[in-house]
$ cat entry.txt   # compact mmCIF, C-alpha atoms and all ligand atoms
# COMPACT_ATOMS: atom_id res chain seq x y z
CA MET A 1 30.88 -46.72 -10.12
CA LYS A 2 27.14 -46.19 -9.95
CA LEU A 3 25.88 -42.79 -11.16
CA GLU A 4 22.82 -41.08 -9.68
CA THR A 5 21.39 -37.89 -11.15
CA ILE A 6 20.36 -35.52 -8.36
CA GLU A 7 17.03 -33.79 -9.02
CA PRO A 8 16.41 -30.92 -9.27
CA HIS A 9 19.68 -29.64 -10.65
CA GLY A 10 20.87 -27.12 -13.17
CA LEU A 11 19.51 -24.06 -14.89
CA CYS A 12 16.98 -22.01 -12.95
CA ALA A 13 14.24 -19.78 -14.32
CA GLY A 14 16.24 -16.61 -13.60
CA VAL A 15 19.27 -17.76 -15.59
CA ASN A 16 17.09 -19.08 -18.41
CA ALA A 17 15.30 -15.75 -18.66
CA ALA A 18 18.60 -13.81 -18.66
CA ILE A 19 19.99 -16.02 -21.45
CA ASP A 20 16.76 -15.69 -23.46
CA LYS A 21 17.02 -11.89 -23.23
CA ALA A 22 20.67 -11.93 -24.24
CA MET A 23 20.02 -14.20 -27.21
CA MET A 24 17.86 -11.46 -28.75
CA LEU A 25 20.94 -9.20 -28.88
CA ARG A 26 24.23 -8.90 -30.73
CA ASP A 27 27.20 -6.53 -30.42
CA VAL A 28 26.26 -5.03 -27.04
CA TRP A 29 28.00 -4.36 -23.77
CA CYS A 30 27.33 -6.44 -20.68
CA LEU A 31 28.10 -5.30 -17.17
CA HIS A 32 29.69 -8.32 -15.44
CA ALA A 33 29.25 -11.93 -16.66
CA LEU A 34 25.58 -12.35 -17.61
CA VAL A 35 25.57 -15.48 -15.44
CA HIS A 36 28.52 -17.15 -13.72
CA ASN A 37 29.35 -19.72 -16.35
CA GLU A 38 32.25 -19.49 -18.80
CA MET A 39 30.48 -21.52 -21.50
CA VAL A 40 27.54 -19.11 -21.53
CA VAL A 41 29.85 -16.09 -21.53
CA SER A 42 31.97 -17.50 -24.34
CA GLY A 43 28.82 -18.15 -26.43
CA LEU A 44 27.78 -14.53 -25.92
CA GLU A 45 31.24 -13.28 -26.87
CA ASP A 46 30.70 -15.08 -30.16
CA ARG A 47 27.59 -12.89 -30.58
CA GLY A 48 29.67 -9.76 -30.09
CA PHE A 49 29.04 -9.22 -26.38
CA ARG A 50 31.74 -7.16 -24.66
CA PHE A 51 31.97 -7.78 -20.91
CA VAL A 52 33.11 -5.04 -18.53
CA GLU A 53 33.12 -4.69 -14.74
CA ARG A 54 32.55 -0.92 -14.58
CA ILE A 55 29.67 0.99 -16.12
CA GLU A 56 32.17 3.80 -16.81
CA ASP A 57 33.80 1.48 -19.38
CA VAL A 58 30.64 1.43 -21.51
CA PRO A 59 30.67 4.24 -24.10
CA ASP A 60 27.87 6.82 -23.87
CA GLY A 61 24.76 6.01 -25.87
CA GLU A 62 25.52 2.27 -26.22
CA THR A 63 23.29 -0.65 -25.29
CA VAL A 64 24.26 -2.27 -22.00
CA VAL A 65 22.92 -5.47 -20.45
CA PHE A 66 22.72 -5.69 -16.67
CA SER A 67 23.58 -9.23 -15.54
CA ALA A 68 21.26 -11.57 -13.64
CA HIS A 69 23.00 -10.52 -10.40
CA GLY A 70 21.56 -6.98 -10.42
CA VAL A 71 23.13 -3.55 -10.07
CA PRO A 72 22.99 -0.79 -7.44
CA PRO A 73 20.87 2.32 -8.17
CA SER A 74 24.03 4.36 -8.87
CA VAL A 75 24.72 2.20 -11.94
CA ARG A 76 21.18 2.68 -13.28
CA GLU A 77 21.53 6.43 -12.78
CA TYR A 78 24.88 6.51 -14.55
CA ALA A 79 23.53 4.55 -17.53
CA GLU A 80 20.52 6.85 -17.80
CA SER A 81 22.55 10.04 -17.53
CA HIS A 82 24.94 8.80 -20.25
CA GLY A 83 22.20 8.00 -22.73
CA MET A 84 22.61 4.22 -22.61
CA ARG A 85 19.89 1.82 -23.64
CA VAL A 86 19.54 -0.66 -20.80
CA VAL A 87 18.49 -4.29 -21.16
CA ASP A 88 17.93 -5.46 -17.61
CA ALA A 89 18.49 -9.19 -17.09
CA THR A 90 18.37 -8.94 -13.28
CA CYS A 91 16.66 -12.04 -11.89
CA PRO A 92 13.31 -11.15 -10.29
CA PHE A 93 14.42 -12.88 -7.08
CA VAL A 94 17.48 -10.66 -6.89
CA ALA A 95 15.26 -7.67 -7.55
CA ARG A 96 13.05 -8.85 -4.68
CA ALA A 97 16.05 -8.90 -2.31
CA HIS A 98 16.91 -5.35 -3.46
CA ALA A 99 13.34 -4.20 -2.82
CA ALA A 100 13.28 -5.75 0.66
CA ALA A 101 16.59 -4.13 1.61
CA ARG A 102 15.46 -0.76 0.23
CA ALA A 103 12.16 -0.96 2.13
CA PHE A 104 14.01 -1.62 5.41
CA ALA A 105 16.38 1.31 4.80
CA GLU A 106 13.53 3.63 3.83
CA ARG A 107 11.89 2.84 7.17
CA GLY A 108 15.08 3.90 8.92
CA LEU A 109 16.13 0.38 9.93
CA PRO A 110 19.80 -0.60 9.93
CA VAL A 111 20.09 -3.49 7.46
CA VAL A 112 22.36 -6.55 7.67
CA VAL A 113 23.05 -8.34 4.37
CA LEU A 114 24.04 -11.97 4.77
CA GLY A 115 26.26 -12.63 1.78
CA ASP A 116 29.72 -12.57 0.33
CA PRO A 117 30.82 -8.91 0.48
CA ASP A 118 32.81 -9.38 -2.73
CA HIS A 119 29.92 -10.89 -4.69
CA VAL A 120 28.41 -8.56 -7.27
CA GLU A 121 24.88 -9.30 -6.02
CA THR A 122 25.71 -8.39 -2.43
CA ARG A 123 27.40 -5.19 -3.59
CA GLY A 124 24.25 -4.30 -5.52
CA ILE A 125 22.06 -4.84 -2.46
CA ALA A 126 24.46 -2.81 -0.31
CA GLY A 127 24.26 0.01 -2.87
CA GLU A 128 20.47 -0.12 -2.67
CA ILE A 129 20.59 0.26 1.11
CA ALA A 130 23.03 3.18 0.92
CA ALA A 131 20.89 4.94 -1.69
CA ALA A 132 17.79 4.65 0.51
CA SER A 133 19.58 5.75 3.70
CA PRO A 134 20.01 9.30 5.01
CA ASP A 135 22.97 11.04 3.29
CA GLY A 136 23.59 7.87 1.22
CA VAL A 137 25.30 6.11 4.12
CA ALA A 138 23.99 2.81 5.54
CA LEU A 139 23.01 3.06 9.21
CA PRO A 140 25.24 1.35 11.78
CA LEU A 141 23.94 -1.47 13.95
CA PRO A 142 21.86 -0.27 16.91
CA PRO A 143 22.63 -1.10 20.55
CA PRO A 144 21.52 -4.60 21.70
CA GLY A 145 17.74 -4.89 21.72
CA GLY A 146 17.40 -2.52 18.76
CA ARG A 147 15.47 -3.42 15.60
CA ILE A 148 17.25 -4.39 12.38
CA GLY A 149 16.29 -5.64 8.93
CA VAL A 150 18.07 -8.68 7.50
CA VAL A 151 18.24 -9.87 3.90
CA SER A 152 20.48 -12.45 2.27
CA GLN A 153 22.17 -12.97 -1.06
CA THR A 154 20.03 -15.33 -3.14
CA SER A 155 22.71 -18.01 -3.49
CA MET A 156 23.60 -18.54 0.17
CA ASN A 157 23.43 -21.85 2.00
CA ALA A 158 19.84 -21.72 3.28
CA ASP A 159 20.73 -23.53 6.53
CA ASP A 160 23.61 -21.12 7.20
CA VAL A 161 21.30 -18.17 6.70
CA ALA A 162 18.78 -19.62 9.17
CA ARG A 163 21.57 -20.15 11.73
CA GLN A 164 22.89 -16.61 11.28
CA VAL A 165 19.42 -15.12 11.66
CA ASP A 166 18.91 -17.12 14.88
CA GLU A 167 22.25 -15.76 16.11
CA LEU A 168 21.26 -12.15 15.33
CA ARG A 169 17.94 -12.69 17.13
CA LYS A 170 19.87 -13.26 20.37
CA THR A 171 20.94 -9.60 20.25
CA TYR A 172 18.44 -7.69 18.10
CA GLU A 173 14.78 -7.46 17.15
CA VAL A 174 15.09 -8.94 13.68
CA GLU A 175 12.83 -8.45 10.67
CA PHE A 176 13.96 -11.00 8.13
CA ALA A 177 13.19 -10.95 4.43
CA SER A 178 14.69 -14.15 3.05
CA GLY A 179 16.76 -13.71 -0.05
CA VAL A 180 17.74 -17.34 -0.71
CA CYS A 181 15.70 -18.20 -3.78
CA ARG A 182 13.62 -21.33 -4.22
CA ALA A 183 15.85 -22.68 -7.00
CA THR A 184 18.94 -22.41 -4.77
CA LYS A 185 17.19 -24.01 -1.80
CA ASP A 186 15.65 -26.84 -3.85
CA ARG A 187 19.04 -27.77 -5.34
CA GLN A 188 20.69 -27.73 -1.89
CA ASP A 189 17.88 -29.84 -0.38
CA ALA A 190 18.25 -32.37 -3.21
CA VAL A 191 21.97 -32.74 -2.40
CA ARG A 192 21.10 -33.24 1.29
CA ARG A 193 18.57 -35.94 0.35
CA PHE A 194 21.18 -37.76 -1.75
CA CYS A 195 23.74 -37.51 1.05
CA SER A 196 21.37 -38.88 3.69
CA SER A 197 19.88 -41.63 1.53
CA GLY A 198 22.56 -44.09 2.68
CA GLY A 199 23.23 -47.08 0.48
CA GLU A 200 26.24 -49.29 0.05
CA GLY A 201 29.83 -48.16 -0.32
CA ARG A 202 31.56 -44.83 -0.52
CA ARG A 203 29.41 -41.98 -1.82
CA ALA A 204 30.37 -38.63 -3.25
CA VAL A 205 28.75 -35.68 -5.00
CA LEU A 206 29.98 -34.16 -8.25
CA VAL A 207 28.89 -30.57 -8.86
CA LEU A 208 29.07 -29.51 -12.49
CA GLY A 209 29.56 -25.78 -12.67
CA SER A 210 31.99 -22.94 -12.62
CA ARG A 211 33.95 -22.07 -9.49
CA THR A 212 32.85 -18.47 -10.10
CA SER A 213 29.25 -19.57 -9.44
CA ALA A 214 28.34 -19.07 -5.77
CA ASN A 215 25.34 -21.27 -6.33
CA ALA A 216 27.47 -24.19 -7.59
CA ARG A 217 30.07 -23.78 -4.83
CA ARG A 218 27.33 -23.92 -2.20
CA LEU A 219 26.20 -27.32 -3.51
CA ALA A 220 29.69 -28.69 -2.94
CA GLU A 221 29.73 -27.10 0.53
CA VAL A 222 26.38 -28.68 1.39
CA ALA A 223 27.70 -32.14 0.42
CA ALA A 224 30.85 -31.58 2.48
CA GLU A 225 28.73 -30.46 5.46
CA CYS A 226 26.83 -33.74 5.20
CA GLY A 227 30.13 -35.62 5.44
CA VAL A 228 30.09 -36.72 1.80
CA GLY A 229 33.03 -36.10 -0.52
CA ALA A 230 32.45 -33.34 -3.05
CA PHE A 231 34.07 -32.68 -6.43
CA MET A 232 33.56 -29.76 -8.82
CA ALA A 233 34.12 -29.67 -12.56
CA GLY A 234 33.42 -26.77 -14.90
CA THR A 235 34.84 -28.41 -18.04
CA LEU A 236 35.27 -31.90 -19.42
CA GLY A 237 39.03 -31.51 -18.91
CA GLU A 238 38.49 -30.85 -15.20
CA LEU A 239 36.14 -33.82 -15.02
CA GLU A 240 38.69 -36.15 -16.56
CA SER A 241 41.35 -35.07 -14.08
CA ILE A 242 39.29 -36.22 -11.07
CA ASP A 243 40.11 -39.59 -9.52
CA PHE A 244 36.81 -41.39 -8.87
CA SER A 245 38.47 -44.78 -8.35
CA ARG A 246 37.47 -45.04 -4.67
CA ILE A 247 33.86 -43.91 -5.18
CA ASP A 248 31.07 -46.49 -5.35
CA THR A 249 28.11 -44.15 -5.89
CA LEU A 250 28.42 -40.70 -7.41
CA GLY A 251 25.53 -38.23 -7.17
CA VAL A 252 25.71 -35.72 -10.01
CA THR A 253 24.22 -32.26 -9.79
CA SER A 254 24.85 -28.87 -11.39
CA GLY A 255 24.64 -25.21 -10.42
CA ALA A 256 21.82 -22.91 -11.46
CA SER A 257 23.94 -21.36 -14.21
CA THR A 258 25.27 -24.60 -15.74
CA PRO A 259 23.83 -25.40 -19.20
CA GLU A 260 22.01 -28.73 -19.37
CA SER A 261 24.00 -29.55 -22.52
CA PHE A 262 27.17 -29.68 -20.37
CA PHE A 263 25.41 -31.82 -17.77
CA THR A 264 24.44 -34.36 -20.47
CA GLU A 265 27.90 -34.31 -22.02
CA ALA A 266 29.54 -34.79 -18.62
CA LEU A 267 27.23 -37.70 -17.76
CA ASP A 268 28.13 -39.41 -21.05
CA ARG A 269 31.81 -38.94 -20.26
CA LEU A 270 31.32 -40.31 -16.73
CA ARG A 271 29.54 -43.38 -18.10
CA SER A 272 32.48 -44.07 -20.36
CA MET A 273 34.86 -43.61 -17.40
CA ALA A 274 32.76 -45.66 -14.93
S1 LIG A 301 19.68 -18.90 -8.63
FE1 LIG A 301 17.81 -17.91 -7.93
S2 LIG A 301 18.31 -15.74 -7.79
FE2 LIG A 301 19.93 -16.69 -9.01
S3 LIG A 301 19.23 -16.42 -11.11
FE3 LIG A 301 18.46 -18.42 -10.43
S4 LIG A 301 16.38 -18.03 -9.65
FE4 LIG A 301 17.46 -16.05 -9.81
$ encode --input "entry.txt" --output "structure tokens"
Amino acid sequence: MKLETIEPHGLCAGVNAAIDKAMMLRDVWCLHALVHNEMVVSGLEDRGFRFVERIEDVPDGETVVFSAHGVPPSVREYAESHGMRVVDATCPFVARAHAAARAFAERGLPVVVLGDPDHVETRGIAGEIAAASPDGVALPLPPPGGRIGVVSQTSMNADDVARQVDELRKTYEVEFASGVCRATKDRQDAVRRFCSSGGEGRRAVLVLGSRTSANARRLAEVAAECGVGAFMAGTLGELESIDFSRIDTLGVTSGASTPESFFTEALDRLRSMA
């Protein structure tokens, strides 16, 4: 089996910056996984990080880290009113999506968020819209022809977002502030290039990353959309359980929260399996 490294892949600036901030700390609380990767989280647990999903579970006066995925304003207010010291590792691109959504809501526009409603980032953006809306309640969609604002979660499939915006434009006057970040788009485009580059034999894409990472899952979805087989592995054990026997060329990529050390280790293992 021939191996091809797909470029760019792996850690983005936002995740790197969040990890750098966290590595200055020990024995603190962290609201949600700092980034969606179990290896990173486990390394931080070794530094005394305690991960919780609710700000109410952080004791008053403690230091709390906000993950790269951002938080709604209500969480910031709670932390402040309970005397917590906040270390904010929100990625600037997530913060930009928050700001765009808030600006739409402040102008009185109903806002549509294109994203996974259960993803912590989308919930944060939704909280931002509610906080900036009259009585704290997001405005409903207007009648056809009305004006709306649209933002997306940063880790969406960029092509899907474009299609959904086109669909909304058939009914509404749309103001669109893209949320899909450059790192996400560049990694998806690189997978598309690999998939369309042809070549001999059966091709497939291996995405190294956690299934909890939306960014990594999207890379596998993009490969599948292109009609190329896609595998995911978040650990060496998972990698070893995959049957590559019918693959001639394997493109290897990784999600924006996957450490490069795992990418290198996985490539070495693949070479020994190939
Ligand atoms: S994938 Fe994009 S939005 Fe998410 S942390 Fe990286 S740069 Fe920020």
$ residues_near_ligand --input "entry.txt" --ligand "ligand LIG 301 (chain A)" --cutoff "7 Å" --atoms "only C-alpha atoms and all ligand atoms" --output "JSON, numbers by chain"
{"A": [12, 13, 14, 15, 68, 91, 92, 93, 94, 154, 155, 181, 182, 183, 184, 215, 256]}
$ closest_residue --input "entry.txt" --among "A:Ser81, A:Ser213, A:Thr122, A:Thr249" --to "Ser197 in chain A" --atoms "all atoms listed in the file"
A:Thr249
$ closest_residue --input "entry.txt" --among "A:Arg169, A:Arg76, A:Arg193, A:Arg54" --to "Val205 in chain A" --atoms "only C-alpha atoms"
A:Arg193
$ atom_distance --input "entry.txt" --atom1 "CA of Val174 in chain A" --atom2 "CA of Gly136 in chain A"
22.6 Å
$ closest_residue --input "entry.txt" --among "A:Ala126, A:Leu114, A:Val161, A:Ala216" --to "Pro72 in chain A" --atoms "all atoms listed in the file"
A:Ala126
$ build_atoms --input "entry.txt" --residues "range 86-110 of chain A" --atoms "N, CA and C atoms" --output "compact mmCIF listing (two decimals), keeping the file's coordinate frame"
# COMPACT_ATOMS: atom_id res chain seq x y z
N VAL A 86 19.31 0.41 -21.77
CA VAL A 86 19.54 -0.66 -20.80
C VAL A 86 18.65 -1.86 -21.10
N VAL A 87 19.26 -3.04 -21.13
CA VAL A 87 18.49 -4.29 -21.16
C VAL A 87 18.76 -4.95 -19.81
N ASP A 88 17.74 -5.03 -18.99
CA ASP A 88 17.93 -5.46 -17.61
C ASP A 88 17.63 -6.95 -17.46
N ALA A 89 18.68 -7.75 -17.25
CA ALA A 89 18.49 -9.19 -17.09
C ALA A 89 18.54 -9.59 -15.61
N THR A 90 18.37 -8.62 -14.72
CA THR A 90 18.37 -8.94 -13.28
C THR A 90 17.28 -9.97 -12.99
N CYS A 91 17.65 -11.03 -12.27
CA CYS A 91 16.66 -12.04 -11.89
C CYS A 91 15.61 -11.41 -10.98
N PRO A 92 14.35 -11.73 -11.16
CA PRO A 92 13.31 -11.15 -10.29
C PRO A 92 13.53 -11.45 -8.80
N PHE A 93 14.19 -12.57 -8.50
CA PHE A 93 14.42 -12.88 -7.08
C PHE A 93 15.52 -12.00 -6.49
N VAL A 94 16.47 -11.63 -7.33
CA VAL A 94 17.48 -10.66 -6.89
C VAL A 94 16.81 -9.30 -6.70
N ALA A 95 15.97 -8.95 -7.65
CA ALA A 95 15.26 -7.67 -7.55
C ALA A 95 14.41 -7.63 -6.27
N ARG A 96 13.87 -8.78 -5.91
CA ARG A 96 13.05 -8.85 -4.68
C ARG A 96 13.92 -8.60 -3.44
N ALA A 97 15.13 -9.14 -3.44
CA ALA A 97 16.05 -8.90 -2.31
C ALA A 97 16.41 -7.41 -2.24
N HIS A 98 16.64 -6.80 -3.43
CA HIS A 98 16.91 -5.35 -3.46
C HIS A 98 15.74 -4.58 -2.85
N ALA A 99 14.53 -4.94 -3.27
CA ALA A 99 13.34 -4.20 -2.82
C ALA A 99 13.17 -4.33 -1.31
N ALA A 100 13.43 -5.54 -0.79
CA ALA A 100 13.28 -5.75 0.66
C ALA A 100 14.29 -4.91 1.43
N ALA A 101 15.54 -4.90 0.94
CA ALA A 101 16.59 -4.13 1.61
C ALA A 101 16.26 -2.63 1.55
N ARG A 102 15.80 -2.19 0.39
CA ARG A 102 15.46 -0.76 0.23
C ARG A 102 14.33 -0.38 1.18
N ALA A 103 13.33 -1.26 1.26
CA ALA A 103 12.16 -0.96 2.13
C ALA A 103 12.61 -0.84 3.59
N PHE A 104 13.50 -1.73 4.03
CA PHE A 104 14.01 -1.62 5.41
C PHE A 104 14.70 -0.27 5.61
N ALA A 105 15.59 0.07 4.66
CA ALA A 105 16.38 1.31 4.80
C ALA A 105 15.46 2.53 4.77
N GLU A 106 14.44 2.48 3.91
CA GLU A 106 13.53 3.63 3.83
C GLU A 106 12.75 3.84 5.13
N ARG A 107 12.57 2.73 5.86
CA ARG A 107 11.89 2.84 7.17
C ARG A 107 12.86 3.25 8.28
N GLY A 108 14.11 3.46 7.93
CA GLY A 108 15.08 3.90 8.92
C GLY A 108 15.68 2.76 9.72
N LEU A 109 15.53 1.52 9.22
CA LEU A 109 16.13 0.38 9.93
C LEU A 109 17.56 0.14 9.45
N PRO A 110 18.50 -0.10 10.37
CA PRO A 110 19.80 -0.60 9.93
C PRO A 110 19.59 -1.97 9.27
